[in-house]
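K.L.:
Just one file: protein29.cif, with mmCIF, C-alpha atoms.
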```cif
data_query
loop_
_atom_site.label_atom_id
_atom_site.label_comp_id
_atom_site.auth_asym_id
_atom_site.auth_seq_id
_atom_site.Cartn_x
_atom_site.Cartn_y
_atom_site.Cartn_z
CA MET A 1 -118.58 -66.90 210.79
CA LYS A 2 -117.04 -69.83 208.98
CA CYS A 3 -117.78 -70.97 205.45
CA GLY A 4 -119.72 -74.03 206.57
CA ALA A 5 -117.77 -76.79 208.27
CA CYS A 6 -114.36 -75.68 206.98
CA ASN A 7 -111.87 -73.52 208.81
CA VAL A 8 -112.22 -70.61 206.40
CA ASP A 9 -113.80 -67.41 207.64
CA ALA A 10 -116.56 -65.88 205.54
CA ARG A 11 -115.06 -62.76 203.95
CA MET A 12 -117.39 -59.79 204.29
CA ARG A 13 -114.98 -56.93 203.73
CA ASP A 14 -116.98 -55.31 200.96
CA GLU A 15 -120.38 -56.01 202.52
CA THR A 16 -119.51 -54.28 205.77
CA ALA A 17 -117.09 -51.54 204.74
CA ILE A 18 -115.97 -49.27 201.93
CA ASN A 19 -112.84 -50.80 200.46
CA LEU A 20 -110.00 -48.54 199.28
CA ASP A 21 -107.46 -51.27 198.56
CA PRO A 22 -105.58 -50.17 195.44
CA ILE A 23 -105.44 -53.65 193.91
CA GLN A 24 -108.84 -55.00 194.93
CA VAL A 25 -111.54 -52.58 193.89
CA GLY A 26 -111.64 -53.18 190.13
CA GLY A 27 -111.73 -56.93 190.56
CA ARG A 28 -114.74 -57.11 192.84
CA LEU A 29 -117.35 -59.33 191.28
CA THR A 30 -120.53 -58.11 189.68
CA PRO A 31 -123.70 -59.78 190.98
CA GLU A 32 -123.79 -61.64 187.67
CA ALA A 33 -120.33 -63.09 188.29
CA MET A 34 -121.27 -64.07 191.84
CA LYS A 35 -124.32 -65.91 190.53
CA ALA A 36 -122.38 -67.58 187.73
CA MET A 37 -119.81 -68.78 190.24
CA ILE A 38 -122.51 -70.34 192.39
CA SER A 39 -123.44 -72.63 189.53
CA TRP A 40 -120.11 -72.93 187.64
CA GLY A 41 -117.57 -73.04 190.49
CA ASP A 42 -116.75 -76.73 190.11
CA GLY A 43 -113.29 -77.42 188.71
CA TYR A 44 -113.75 -78.40 185.08
CA SER A 45 -117.33 -77.13 184.82
CA VAL A 46 -116.82 -75.32 181.52
CA CYS A 47 -115.73 -78.59 179.93
CA ASP A 48 -119.29 -80.02 180.04
CA ALA A 49 -119.79 -79.19 176.38
CA CYS A 50 -116.22 -79.26 175.11
CA LYS A 51 -116.24 -80.82 171.66
CA LYS A 52 -113.70 -81.21 168.91
CA PRO A 53 -111.27 -79.52 168.39
CA PHE A 54 -111.18 -79.51 172.24
CA ARG A 55 -110.10 -76.00 172.87
CA LEU A 56 -111.33 -73.52 175.45
CA ASP A 57 -112.01 -70.73 172.98
CA TYR A 58 -114.24 -73.02 170.90
CA ILE A 59 -116.66 -73.92 173.71
CA GLU A 60 -120.20 -72.78 172.92
CA GLN A 61 -121.88 -73.42 176.28
CA PRO A 62 -121.10 -71.32 178.25
CA PRO A 63 -120.42 -69.05 175.26
CA LEU A 64 -116.64 -68.83 175.58
CA ASN A 65 -116.19 -68.76 171.79
CA ASP A 66 -118.27 -65.59 171.48
CA PHE A 67 -116.55 -64.13 174.54
CA HIS A 68 -113.10 -64.43 172.98
CA VAL A 69 -114.30 -62.77 169.77
CA ASP A 70 -116.14 -60.02 171.66
CA VAL A 71 -113.16 -59.22 173.88
CA ALA A 72 -110.84 -58.85 170.89
CA GLU A 73 -113.31 -56.59 169.12
CA TRP A 74 -113.90 -54.53 172.27
CA LEU A 75 -110.17 -53.92 172.59
CA GLY A 76 -109.69 -53.11 168.91
CA MET A 77 -107.51 -56.17 168.40
CA ALA A 78 -107.71 -59.16 166.05
CA GLN A 79 -107.67 -62.04 168.54
CA ALA A 80 -107.83 -62.55 172.27
CA ARG A 81 -107.20 -65.37 174.69
CA THR A 82 -107.76 -65.73 178.39
CA VAL A 83 -104.76 -66.19 180.65
CA PRO A 84 -104.42 -66.98 184.35
CA GLY A 85 -103.46 -63.44 185.29
CA ALA A 86 -101.71 -60.64 183.41
CA ARG A 87 -98.30 -61.98 184.39
CA ARG A 88 -98.97 -65.13 182.38
CA GLY A 89 -99.75 -62.89 179.44
CA PHE A 90 -96.36 -61.19 179.86
CA GLN A 91 -94.78 -64.60 180.04
CA GLN A 92 -96.54 -65.77 176.89
CA VAL A 93 -95.42 -62.77 174.86
CA ALA A 94 -91.85 -62.86 176.21
CA GLY A 95 -91.77 -66.62 175.61
CA THR A 96 -92.62 -66.01 171.98
CA TYR A 97 -90.05 -63.35 171.18
CA VAL A 98 -87.26 -63.25 173.75
CA GLU A 99 -84.27 -65.58 173.72
CA LYS A 100 -81.20 -65.75 175.89
CA GLY A 101 -79.30 -62.46 175.87
CA ASP A 102 -82.01 -60.50 174.06
CA PRO A 103 -82.62 -56.96 175.29
CA VAL A 104 -86.13 -55.89 176.27
CA LEU A 105 -87.18 -52.35 177.15
CA ILE A 106 -89.46 -51.86 180.13
CA GLY A 107 -90.87 -48.65 181.60
CA ALA A 108 -89.20 -47.96 184.95
CA LEU A 109 -92.55 -47.89 186.78
CA ALA A 110 -93.51 -51.39 185.63
CA HIS A 111 -94.65 -54.19 187.91
CA TYR A 112 -92.00 -56.74 188.91
CA THR A 113 -93.70 -59.48 186.91
CA SER A 114 -92.79 -57.63 183.70
CA TYR A 115 -89.14 -58.00 184.65
CA LEU A 116 -89.52 -61.63 185.67
CA SER A 117 -91.21 -62.54 182.41
CA VAL A 118 -88.01 -61.45 180.65
CA GLU A 119 -85.78 -63.13 183.22
CA ILE A 120 -87.46 -66.50 182.69
CA GLN A 121 -86.40 -66.26 179.03
CA GLN A 122 -82.88 -65.26 180.10
CA GLY A 123 -83.41 -61.94 178.38
CA ILE A 124 -81.89 -58.69 179.56
CA VAL A 125 -84.01 -55.81 180.81
CA ARG A 126 -83.16 -52.25 180.01
CA GLU A 127 -85.38 -49.64 181.61
CA ILE A 128 -86.96 -46.51 180.20
CA PRO A 129 -86.38 -43.93 182.92
CA LYS A 130 -89.22 -41.93 184.41
CA THR A 131 -89.32 -38.19 184.36
CA GLU A 132 -89.15 -36.10 187.52
CA ASP A 133 -92.93 -36.03 187.58
CA ASN A 134 -93.10 -39.82 187.24
CA HIS A 135 -94.04 -40.29 183.61
CA ILE A 136 -92.62 -42.53 180.91
CA THR A 137 -92.29 -40.51 177.71
CA ALA A 138 -91.78 -41.22 174.02
CA GLU A 139 -88.58 -39.15 174.09
CA ALA A 140 -87.11 -41.29 176.86
CA ALA A 141 -88.15 -44.45 175.01
CA ALA A 142 -86.44 -43.23 171.82
CA GLU A 143 -83.23 -42.48 173.70
CA ARG A 144 -83.20 -45.87 175.36
CA ILE A 145 -83.82 -47.69 172.09
CA GLU A 146 -80.73 -45.97 170.72
CA ASP A 147 -78.82 -46.91 173.89
CA VAL A 148 -79.79 -50.56 173.43
CA ILE A 149 -78.73 -50.54 169.79
CA THR A 150 -75.37 -49.12 170.83
CA GLU A 151 -74.96 -51.69 173.60
CA PHE A 152 -76.29 -54.80 171.86
CA GLY A 153 -75.89 -53.97 168.19
CA ARG A 154 -79.62 -54.53 167.67
CA PRO A 155 -82.90 -53.01 168.88
CA PRO A 156 -84.88 -54.45 171.82
CA LYS A 157 -86.96 -57.53 171.06
CA LEU A 158 -89.96 -56.08 172.87
CA LEU A 159 -91.07 -52.93 174.62
CA TYR A 160 -93.40 -53.06 177.65
CA ILE A 161 -95.37 -50.00 178.61
CA ASP A 162 -97.99 -49.58 181.35
CA HIS A 163 -100.80 -47.28 180.33
CA VAL A 164 -101.44 -46.51 183.99
CA ASP A 165 -98.72 -47.61 186.37
CA TYR A 166 -99.35 -49.28 189.70
CA GLN A 167 -97.09 -46.97 191.70
CA TYR A 168 -98.61 -43.57 190.98
CA GLY A 169 -101.64 -44.35 188.87
CA ASN A 170 -100.18 -41.96 186.30
CA MET A 171 -101.13 -42.14 182.65
CA HIS A 172 -98.31 -42.59 180.15
CA ASP A 173 -98.01 -41.70 176.48
CA VAL A 174 -98.56 -45.18 175.05
CA LYS A 175 -99.44 -43.89 171.60
CA GLY A 176 -96.26 -41.82 171.33
CA ILE A 177 -94.10 -44.62 172.70
CA ALA A 178 -95.63 -47.19 170.31
CA LYS A 179 -94.99 -44.87 167.38
CA VAL A 180 -91.33 -44.58 168.30
CA ALA A 181 -90.97 -48.33 168.89
CA HIS A 182 -92.51 -49.19 165.54
CA GLN A 183 -89.97 -47.02 163.75
CA TYR A 184 -87.51 -49.71 164.88
CA ASP A 185 -89.97 -52.62 164.29
CA ILE A 186 -90.15 -53.32 168.00
CA PRO A 187 -93.41 -55.00 169.08
CA VAL A 188 -95.17 -53.11 171.88
CA LEU A 189 -96.80 -54.85 174.83
CA TYR A 190 -99.47 -52.67 176.41
CA ASN A 191 -99.92 -53.39 180.10
CA GLY A 192 -103.53 -52.57 180.80
CA VAL A 193 -104.00 -54.12 184.21
CA TYR A 194 -105.29 -50.82 185.57
CA THR A 195 -107.17 -49.79 182.43
CA VAL A 196 -108.76 -52.76 180.63
CA GLY A 197 -112.18 -53.04 182.26
CA ILE A 198 -111.83 -49.67 183.96
CA MET A 199 -111.71 -47.15 181.12
CA PRO A 200 -112.02 -47.34 177.32
CA VAL A 201 -109.01 -49.02 175.67
CA ASN A 202 -108.53 -49.49 171.95
CA GLY A 203 -105.37 -51.14 170.72
CA LYS A 204 -105.83 -49.93 167.16
CA ASP A 205 -105.98 -46.30 168.29
CA LEU A 206 -103.00 -46.79 170.57
CA GLY A 207 -101.02 -48.63 167.89
CA VAL A 208 -99.89 -51.47 170.13
CA ASP A 209 -99.19 -55.09 169.22
CA PHE A 210 -100.42 -56.75 172.41
CA ILE A 211 -102.89 -55.78 175.09
CA ILE A 212 -102.78 -57.46 178.44
CA GLY A 213 -105.56 -56.99 180.97
CA SER A 214 -106.18 -58.41 184.39
CA GLY A 215 -109.50 -60.07 185.17
CA HIS A 216 -109.03 -60.02 188.91
CA LYS A 217 -107.63 -56.51 189.03
CA SER A 218 -109.90 -54.66 186.64
CA MET A 219 -112.53 -56.87 185.02
CA ALA A 220 -114.63 -57.90 188.01
CA ALA A 221 -113.46 -61.50 187.82
CA PRO A 222 -112.05 -64.08 190.22
CA ALA A 223 -108.30 -64.68 190.36
CA PRO A 224 -106.34 -65.73 188.50
CA SER A 225 -107.73 -64.34 185.28
CA GLY A 226 -106.66 -62.05 182.48
CA ILE A 227 -106.71 -61.28 178.80
CA LEU A 228 -104.03 -61.34 176.14
CA ALA A 229 -105.04 -59.74 172.86
CA ALA A 230 -102.94 -59.39 169.74
CA THR A 231 -103.02 -57.76 166.32
CA GLU A 232 -103.57 -59.92 163.25
CA GLU A 233 -99.88 -59.58 162.41
CA ARG A 234 -98.79 -60.92 165.80
CA ALA A 235 -101.60 -63.37 166.56
CA ASP A 236 -100.13 -66.28 164.59
CA GLU A 237 -96.87 -65.91 166.47
CA VAL A 238 -98.09 -65.50 170.02
CA PHE A 239 -100.98 -67.94 169.62
CA ARG A 240 -99.03 -70.50 167.56
CA THR A 241 -100.31 -74.07 167.70
CA THR A 242 -98.35 -77.14 168.65
CA GLN A 243 -96.23 -79.03 166.16
CA MET A 244 -94.99 -81.50 168.78
CA GLU A 245 -95.07 -85.22 168.16
CA GLY A 246 -94.20 -87.97 170.62
CA ASP A 247 -91.19 -89.87 169.28
CA LEU A 248 -92.40 -93.29 170.46
CA THR A 249 -96.13 -92.88 170.39
CA GLY A 250 -96.42 -90.50 167.47
CA ARG A 251 -98.96 -88.59 169.55
CA ARG A 252 -99.94 -85.16 168.30
CA PHE A 253 -102.01 -82.55 170.06
CA GLY A 254 -104.32 -80.99 167.54
CA ILE A 255 -104.58 -77.22 167.66
CA LYS A 256 -103.58 -76.68 171.26
CA GLU A 257 -101.67 -73.44 171.64
CA VAL A 258 -98.09 -73.67 172.85
CA GLY A 259 -97.57 -70.38 174.64
CA ILE A 260 -100.61 -70.85 176.79
CA LEU A 261 -100.05 -74.59 177.36
CA GLY A 262 -103.36 -75.56 175.80
CA CYS A 263 -106.49 -74.59 177.72
CA SER A 264 -105.59 -71.69 179.93
CA LEU A 265 -108.45 -70.68 182.15
CA MET A 266 -111.23 -72.90 183.38
CA GLY A 267 -114.06 -72.96 185.90
CA ALA A 268 -114.74 -70.01 188.17
CA PRO A 269 -112.19 -67.53 186.77
CA ILE A 270 -113.33 -67.66 183.16
CA VAL A 271 -117.02 -67.92 183.95
CA GLY A 272 -116.71 -64.98 186.33
CA MET A 273 -114.98 -62.93 183.67
CA LEU A 274 -117.60 -63.95 181.09
CA ALA A 275 -120.52 -63.13 183.36
CA SER A 276 -119.12 -59.72 184.31
CA PHE A 277 -118.22 -58.80 180.75
CA PRO A 278 -121.47 -57.01 179.74
CA THR A 279 -121.28 -54.85 182.86
CA VAL A 280 -117.55 -54.27 182.41
CA LYS A 281 -118.06 -53.24 178.77
CA GLU A 282 -120.64 -50.73 179.88
CA ARG A 283 -118.86 -49.42 182.96
CA VAL A 284 -115.79 -48.24 181.06
CA ASN A 285 -118.04 -45.68 179.39
CA HIS A 286 -118.73 -44.11 182.78
CA PHE A 287 -115.15 -43.62 183.89
CA ASP A 288 -115.76 -39.87 184.17
CA GLU A 289 -118.16 -40.60 187.06
CA GLU A 290 -115.44 -42.64 188.75
CA LEU A 291 -113.00 -39.76 188.34
CA ALA A 292 -115.54 -37.36 189.82
CA ASN A 293 -115.86 -39.59 192.88
CA SER A 294 -112.09 -39.85 193.09
CA ARG A 295 -111.81 -36.07 193.03
CA ILE A 296 -114.15 -35.76 195.99
CA VAL A 297 -111.91 -37.99 198.09
CA ILE A 298 -108.57 -36.72 196.81
CA ASP A 299 -109.55 -33.07 197.11
CA ALA A 300 -110.60 -33.67 200.70
CA LEU A 301 -107.26 -35.31 201.47
CA ALA A 302 -105.37 -32.54 199.68
CA SER A 303 -107.15 -30.00 201.87
CA ILE A 304 -105.55 -31.45 204.99
CA GLU A 305 -102.51 -29.27 205.67
CA GLY A 306 -99.25 -31.11 205.05
CA THR A 307 -100.72 -33.72 202.68
CA LYS A 308 -99.17 -34.08 199.25
CA ILE A 309 -100.64 -35.81 196.23
CA LEU A 310 -97.71 -37.65 194.66
CA SER A 311 -99.64 -38.75 191.59
CA GLU A 312 -100.25 -36.44 188.64
CA TYR A 313 -102.87 -33.85 189.41
CA PRO A 314 -105.64 -33.36 188.43
CA ARG A 315 -106.12 -37.08 188.57
CA GLN A 316 -106.74 -39.12 185.43
CA HIS A 317 -107.18 -42.38 187.30
CA THR A 318 -108.77 -43.53 190.54
CA LEU A 319 -105.55 -45.03 191.91
CA THR A 320 -103.66 -42.31 193.79
CA ARG A 321 -100.44 -42.17 195.78
CA LEU A 322 -100.28 -39.79 198.72
CA ASP A 323 -97.66 -38.51 201.11
CA THR A 324 -99.06 -37.72 204.53
CA THR A 325 -95.69 -37.41 206.29
CA GLY A 326 -96.61 -33.77 206.95
CA SER A 327 -100.10 -34.55 208.28
CA PHE A 328 -101.22 -37.96 209.52
CA ASP A 329 -97.67 -39.09 210.24
CA LYS A 330 -97.17 -36.07 212.52
CA VAL A 331 -100.17 -37.25 214.52
CA ALA A 332 -98.71 -40.77 214.60
CA GLN A 333 -95.56 -39.51 216.35
CA THR A 334 -97.46 -38.80 219.56
CA HIS A 335 -100.63 -40.85 219.25
CA LYS A 336 -100.92 -43.80 221.65
CA LYS A 337 -101.71 -46.08 218.72
CA ARG A 338 -98.75 -44.64 216.79
CA GLY A 339 -99.15 -45.15 213.04
CA PHE A 340 -102.09 -47.46 213.55
CA PHE A 341 -104.34 -44.63 214.65
CA LEU A 342 -105.35 -43.85 211.07
CA SER A 343 -106.31 -47.34 209.92
CA SER A 344 -107.99 -47.89 213.27
CA ALA A 345 -110.07 -44.71 212.96
CA LEU A 346 -110.99 -45.58 209.37
CA SER A 347 -111.94 -49.09 210.39
CA LYS A 348 -114.20 -47.79 213.17
CA ASN A 349 -115.97 -45.76 210.52
CA GLY A 350 -116.35 -48.70 208.15
CA ILE A 351 -113.52 -47.90 205.78
CA THR A 352 -110.96 -50.55 204.94
CA GLY A 353 -108.18 -51.44 202.50
CA ILE A 354 -105.45 -49.15 203.82
CA ILE A 355 -102.27 -50.83 205.04
CA PRO A 356 -102.47 -50.79 208.85
CA GLY A 357 -99.83 -48.49 210.30
CA ALA A 358 -99.17 -46.60 207.07
CA THR A 359 -99.14 -42.85 207.67
CA LYS A 360 -96.29 -41.72 205.42
CA VAL A 361 -96.69 -42.79 201.79
CA TRP A 362 -99.69 -44.86 200.79
CA LYS A 363 -102.13 -45.48 197.98
CA ILE A 364 -105.88 -45.62 197.65
CA ASN A 365 -108.22 -46.54 194.85
CA THR A 366 -111.72 -45.12 194.87
CA TYR A 367 -112.96 -47.17 191.92
CA GLY A 368 -116.49 -48.58 192.21
CA MET A 369 -117.80 -46.30 194.93
CA THR A 370 -121.19 -44.67 194.80
CA ARG A 371 -121.25 -40.88 195.10
CA LYS A 372 -122.66 -41.23 198.61
CA GLN A 373 -119.78 -43.52 199.59
CA ALA A 374 -117.20 -41.12 198.11
CA GLU A 375 -118.64 -38.24 200.12
CA TYR A 376 -118.67 -40.40 203.23
CA VAL A 377 -115.00 -41.33 202.76
CA ALA A 378 -114.04 -37.68 202.18
CA ASP A 379 -115.96 -36.53 205.26
CA THR A 380 -114.46 -39.30 207.38
CA TYR A 381 -110.87 -38.37 206.47
CA LEU A 382 -111.58 -34.73 207.27
CA GLU A 383 -113.19 -35.66 210.56
CA ILE A 384 -110.22 -37.84 211.56
CA ALA A 385 -107.86 -35.00 210.65
CA GLU A 386 -109.78 -32.43 212.65
CA THR A 387 -110.22 -34.73 215.63
CA ASN A 388 -106.45 -35.15 215.72
CA GLY A 389 -105.68 -31.44 215.51
CA LEU A 390 -104.75 -31.17 211.85
CA THR A 391 -105.69 -28.04 209.94
CA ILE A 392 -108.10 -28.17 207.04
CA LEU A 393 -107.10 -25.58 204.43
CA MET B 1 -134.91 -85.98 190.13
CA SER B 2 -136.49 -82.77 191.28
CA GLN B 3 -135.60 -80.12 188.73
CA ARG B 4 -137.95 -77.84 190.65
CA ALA B 5 -135.89 -78.23 193.81
CA ALA B 6 -132.61 -77.59 191.98
CA ASP B 7 -134.12 -74.51 190.33
CA ALA B 8 -135.34 -73.27 193.69
CA VAL B 9 -131.90 -73.63 195.27
CA PHE B 10 -130.29 -71.54 192.56
CA GLN B 11 -133.10 -68.98 192.42
CA GLY B 12 -132.87 -68.56 196.20
CA LEU B 13 -129.09 -68.16 196.11
CA PHE B 14 -129.35 -65.68 193.25
CA ALA B 15 -131.91 -63.63 195.17
CA LEU B 16 -129.64 -63.61 198.21
CA THR B 17 -126.82 -62.47 195.95
CA ASP B 18 -128.94 -59.48 194.95
CA ILE B 19 -129.22 -58.61 198.63
CA ARG B 20 -125.47 -59.07 198.99
CA SER B 21 -124.86 -56.54 196.23
CA ILE B 22 -127.17 -54.06 197.97
CA LEU B 23 -125.10 -54.48 201.13
CA ARG B 24 -121.98 -53.65 199.11
CA ILE B 25 -123.21 -50.46 197.52
CA THR B 26 -124.71 -49.18 200.76
CA ALA B 27 -121.79 -50.07 203.07
CA PRO B 28 -120.96 -49.21 205.75
CA GLN B 29 -124.20 -47.65 207.00
CA HIS B 30 -126.65 -49.71 204.96
CA GLU B 31 -129.19 -46.92 204.78
CA LEU B 32 -131.24 -48.04 201.78
CA ASP B 33 -133.04 -45.54 199.56
CA ASP B 34 -136.56 -46.27 198.29
CA ASP B 35 -135.35 -48.00 195.14
CA GLN B 36 -132.91 -50.18 197.06
CA LYS B 37 -135.63 -51.07 199.55
CA LYS B 38 -137.89 -52.16 196.68
CA LYS B 39 -135.14 -54.34 195.27
CA ALA B 40 -134.44 -55.86 198.69
CA GLU B 41 -138.15 -56.50 199.18
CA LYS B 42 -138.38 -58.27 195.82
CA ALA B 43 -135.31 -60.38 196.56
CA LEU B 44 -136.59 -61.35 199.99
CA ALA B 45 -139.97 -62.37 198.52
CA SER B 46 -138.13 -64.53 196.01
CA VAL B 47 -136.07 -66.20 198.74
CA GLU B 48 -139.23 -66.96 200.71
CA LYS B 49 -140.90 -68.39 197.63
CA GLN B 50 -137.95 -70.64 196.87
CA ILE B 51 -137.83 -71.89 200.45
CA ALA B 52 -141.51 -72.79 200.22
CA ILE B 53 -140.85 -74.74 197.02
CA LEU B 54 -137.98 -76.59 198.65
CA ARG B 55 -140.21 -77.53 201.59
CA GLU B 56 -142.78 -78.92 199.18
CA GLU B 57 -140.24 -80.80 197.11
CA LEU B 58 -137.90 -82.19 199.72
CA LEU B 59 -139.68 -82.58 203.06
#
```
Could you write out this structure as structure tokens?
P.N.:
Amino acid sequence: MKCGACNVDARMRDETAINLDPIQVGGRLTPEAMKAMISWGDGYSVCDACKKPFRLDYIEQPPLNDFHVDVAEWLGMAQARTVPGARRGFQQVAGTYVEKGDPVLIGALAHYTSYLSVEIQQGIVREIPKTEDNHITAEAAAERIEDVITEFGRPPKLLYIDHVDYQYGNMHDVKGIAKVAHQYDIPVLYNGVYTVGIMPVNGKDLGVDFIIGSGHKSMAAPAPSGILAATEERADEVFRTTQMEGDLTGRRFGIKEVGILGCSLMGAPIVGMLASFPTVKERVNHFDEELANSRIVIDALASIEGTKILSEYPRQHTLTRLDTTGSFDKVAQTHKKRGFFLSSALSKNGITGIIPGATKVWKINTYGMTRKQAEYVADTYLEIAETNGLTIL
Amino acid sequence: MSQRAADAVFQGLFALTDIRSILRITAPQHELDDDQKKKAEKALASVEKQIAILREELL
């Protein structure tokens, strides 16, 4: 089916199947966001009631002003702004503090956009190594800060740490790392793309300077959308307003913010994020139910002989990395569909989101399932394993 | 201007969205429990009502 007269297929992935895609599940829209997008999807729709001083976070209808205040309070931070995706938040913070040749510390499990946000400033990345069990620790951070001081003669300008990384879905000691960093006056950027909107996050408790969240990854919002929140101490720096003046015209630009290039997020992305926010605020309080569903699926997979859970176990997050080289990949060696047998069997049973052909190392995210759906997914994996001669322990 | 017609379009689309969300949480088998059936029934009644309004207003 096409979306009307255009050549775009109607996307019904989540209406017809259970989606396990590691990056998609937390960003699926709430019904409220879907409805808001129906009426606010036009380009500059949120500018209907934009009045002086002409800034996005001052708009009262829809209530974007309240939304910005509420988000900051919810995250235990002083101020918040919307950004077109977490990566733009990284860029805004790096753009504020990092200059050519400045060192920046980044956890070795970080997303590539963390690195690129430093590169665009011509900064230099130094990594905090992961432990054997794939964690970033405060001890490793402390050692690397000392390394940077030795190498550069000064501490890193910033430290980026993912609370939950995208590779393993492991939880890292943000609080301990922030404490170490602050002993050297290094501002800490908390990457919450897998936590903000998924589980409770409080920047004050964690002791971080910036929180970055992703609307489209974890706050049930359309892409590109995200949040950048800062402490009172850092807000004036990262949200600084323009001082620019045209040399011929003398034009000035009011209180537009430099790092964000004025108004950052308009139309469907911000209205979607706004409309989902009450549900998102509430759902983080039920993360234990999400973990329980995750356990049902992961325990079933772990019971298939030869399967290894590469993420920390027991799981603390719904994103999990698995190694099925000793189970499903063995089947793939002789199956007529080769590695595609698994995704094909899942698809036949109404389960989607797994990379077609992947039978060695892959990731799933069970976030947002009902209990019934989690049990169905667990049963389906076991059935596929048994049908293909694998042993259930 | 028919505000009533515009309201009916949005109300109808919103009701259909409620059905869409039921499809999502019951995928892939779409076996609705009693509560979900009640919600679907209510949404369908709303869609039918809005269509009737649109017929009155526009045709």
K.L.:
Translate the PyMOL selection byres ((chain A) within 10 of (chain B)) into a concrete residue list for this structure, as a compact mmCIF listing (two decimals) with C-alpha atoms, in the frame of the given file.
P.N.:
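Contents of part_5.txt, as written:
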```txt
# COMPACT_ATOMS: atom_id res chain seq x y z
CA MET A 12 -117.39 -59.79 204.29
CA ARG A 13 -114.98 -56.93 203.73
CA ASP A 14 -116.98 -55.31 200.96
CA GLU A 15 -120.38 -56.01 202.52
CA THR A 16 -119.51 -54.28 205.77
CA ALA A 17 -117.09 -51.54 204.74
CA ILE A 18 -115.97 -49.27 201.93
CA ASN A 19 -112.84 -50.80 200.46
CA LEU A 29 -117.35 -59.33 191.28
CA THR A 30 -120.53 -58.11 189.68
CA PRO A 31 -123.70 -59.78 190.98
CA GLU A 32 -123.79 -61.64 187.67
CA MET A 34 -121.27 -64.07 191.84
CA LYS A 35 -124.32 -65.91 190.53
CA ALA A 36 -122.38 -67.58 187.73
CA ILE A 38 -122.51 -70.34 192.39
CA SER A 39 -123.44 -72.63 189.53
CA ASN A 349 -115.97 -45.76 210.52
CA GLY A 350 -116.35 -48.70 208.15
CA ILE A 351 -113.52 -47.90 205.78
CA GLY A 368 -116.49 -48.58 192.21
CA MET A 369 -117.80 -46.30 194.93
CA THR A 370 -121.19 -44.67 194.80
CA LYS A 372 -122.66 -41.23 198.61
CA GLN A 373 -119.78 -43.52 199.59
CA TYR A 376 -118.67 -40.40 203.23
```
K.L.:
Using only C-alpha atoms, pick whichever of B:Leu54, B:Leu59, B:Lys38, B:Ser46 has the shortest atom-to-atom distance to B:Gln3.
P.N.:
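Answer, going by the shortest atom-to-atom distance: B:Leu54.
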K.L.:
When you look at stretch 41-43 of chain A with a cut-off of 7 Å (counting all atoms listed in the file), what residues show up, excluding the ones that are within fewer than 4 positions of it in the same chain? I need them as a PDB file with C-alpha atoms, in the coordinates of the input.
P.N.:
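The resulting part_29.pdb:
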```pdb
ATOM      1  CA  MET A  37    -119.810 -68.780 190.240  1.00  0.00           C
ATOM      2  CA  GLY A 267    -114.060 -72.960 185.900  1.00  0.00           C
ATOM      3  CA  ALA A 268    -114.740 -70.010 188.170  1.00  0.00           C
TER       4      ALA A 268
END
```
K.L.:
Care to translate the PyMOL selection byres ((chain A and resi 315) around 10) into actual residues of this file, as a short mmCIF file (atom, residue, chain, number, x, y, z; two decimals) with C-alpha atoms, keeping the file's coordinate frame?
P.N.:
```cif
data_model
loop_
_atom_site.label_atom_id
_atom_site.label_comp_id
_atom_site.auth_asym_id
_atom_site.auth_seq_id
_atom_site.Cartn_x
_atom_site.Cartn_y
_atom_site.Cartn_z
CA GLY A 169 -101.64 -44.35 188.87
CA ASN A 170 -100.18 -41.96 186.30
CA MET A 171 -101.13 -42.14 182.65
CA LEU A 291 -113.00 -39.76 188.34
CA ALA A 292 -115.54 -37.36 189.82
CA SER A 294 -112.09 -39.85 193.09
CA ARG A 295 -111.81 -36.07 193.03
CA ILE A 298 -108.57 -36.72 196.81
CA ILE A 309 -100.64 -35.81 196.23
CA SER A 311 -99.64 -38.75 191.59
CA GLU A 312 -100.25 -36.44 188.64
CA TYR A 313 -102.87 -33.85 189.41
CA PRO A 314 -105.64 -33.36 188.43
CA GLN A 316 -106.74 -39.12 185.43
CA HIS A 317 -107.18 -42.38 187.30
CA THR A 318 -108.77 -43.53 190.54
CA LEU A 319 -105.55 -45.03 191.91
CA THR A 320 -103.66 -42.31 193.79
#
```
K.L.:
Could you tell me which residues the PyMOL selection byres ((chain A and resi 200) around 10) grabs in this file, written as a ChimeraX atom specification?
P.N.:
/A:74-75,195-199,201-202,281-287
K.L.:
Do you know which residues are at most 10 Å from A:Ile211 counting all atoms listed in the file, after dropping those on the same chain fewer than 5 positions away, and could you put them as a list in words?
P.N.:
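These residues fall inside the cut-off: Ala72, Leu75, Gly76, Met77, Ala80, Ala86, Gly89, Phe90, Val188, Leu189, Tyr190, Asn191, Gly192, Val193, Val196, Val201, Asn202, Gly203, Ile227, Leu228, Ala229, Ala230 and Thr231 of chain A.
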K.L.:
Contacts of A:Leu274 at 12 Å or less, counting all atoms listed in the file, minus same-chain residues fewer than 3 places along, as JSON, numbers by chain?
P.N.:
{"A": [29, 30, 32, 33, 34, 35, 36, 37, 40, 46, 57, 61, 62, 63, 64, 65, 66, 67, 68, 69, 70, 71, 82, 215, 219, 220, 221, 222, 225, 226, 227, 265, 266, 267, 268, 269, 270, 271, 277, 278, 279, 280, 281]}
K.L.:
Atom CA of A:Arg87 and atom CA of A:Thr113 are how many Å apart?
P.N.:
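Atom-to-atom, atom CA of A:Arg87 and atom CA of A:Thr113 are spaced 5.8 Å apart.
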K.L.:
At what distance in Å, to one decimal, does atom CA of A:Gly326 lie from atom CA of A:Ile136?
P.N.:
27.8 Å
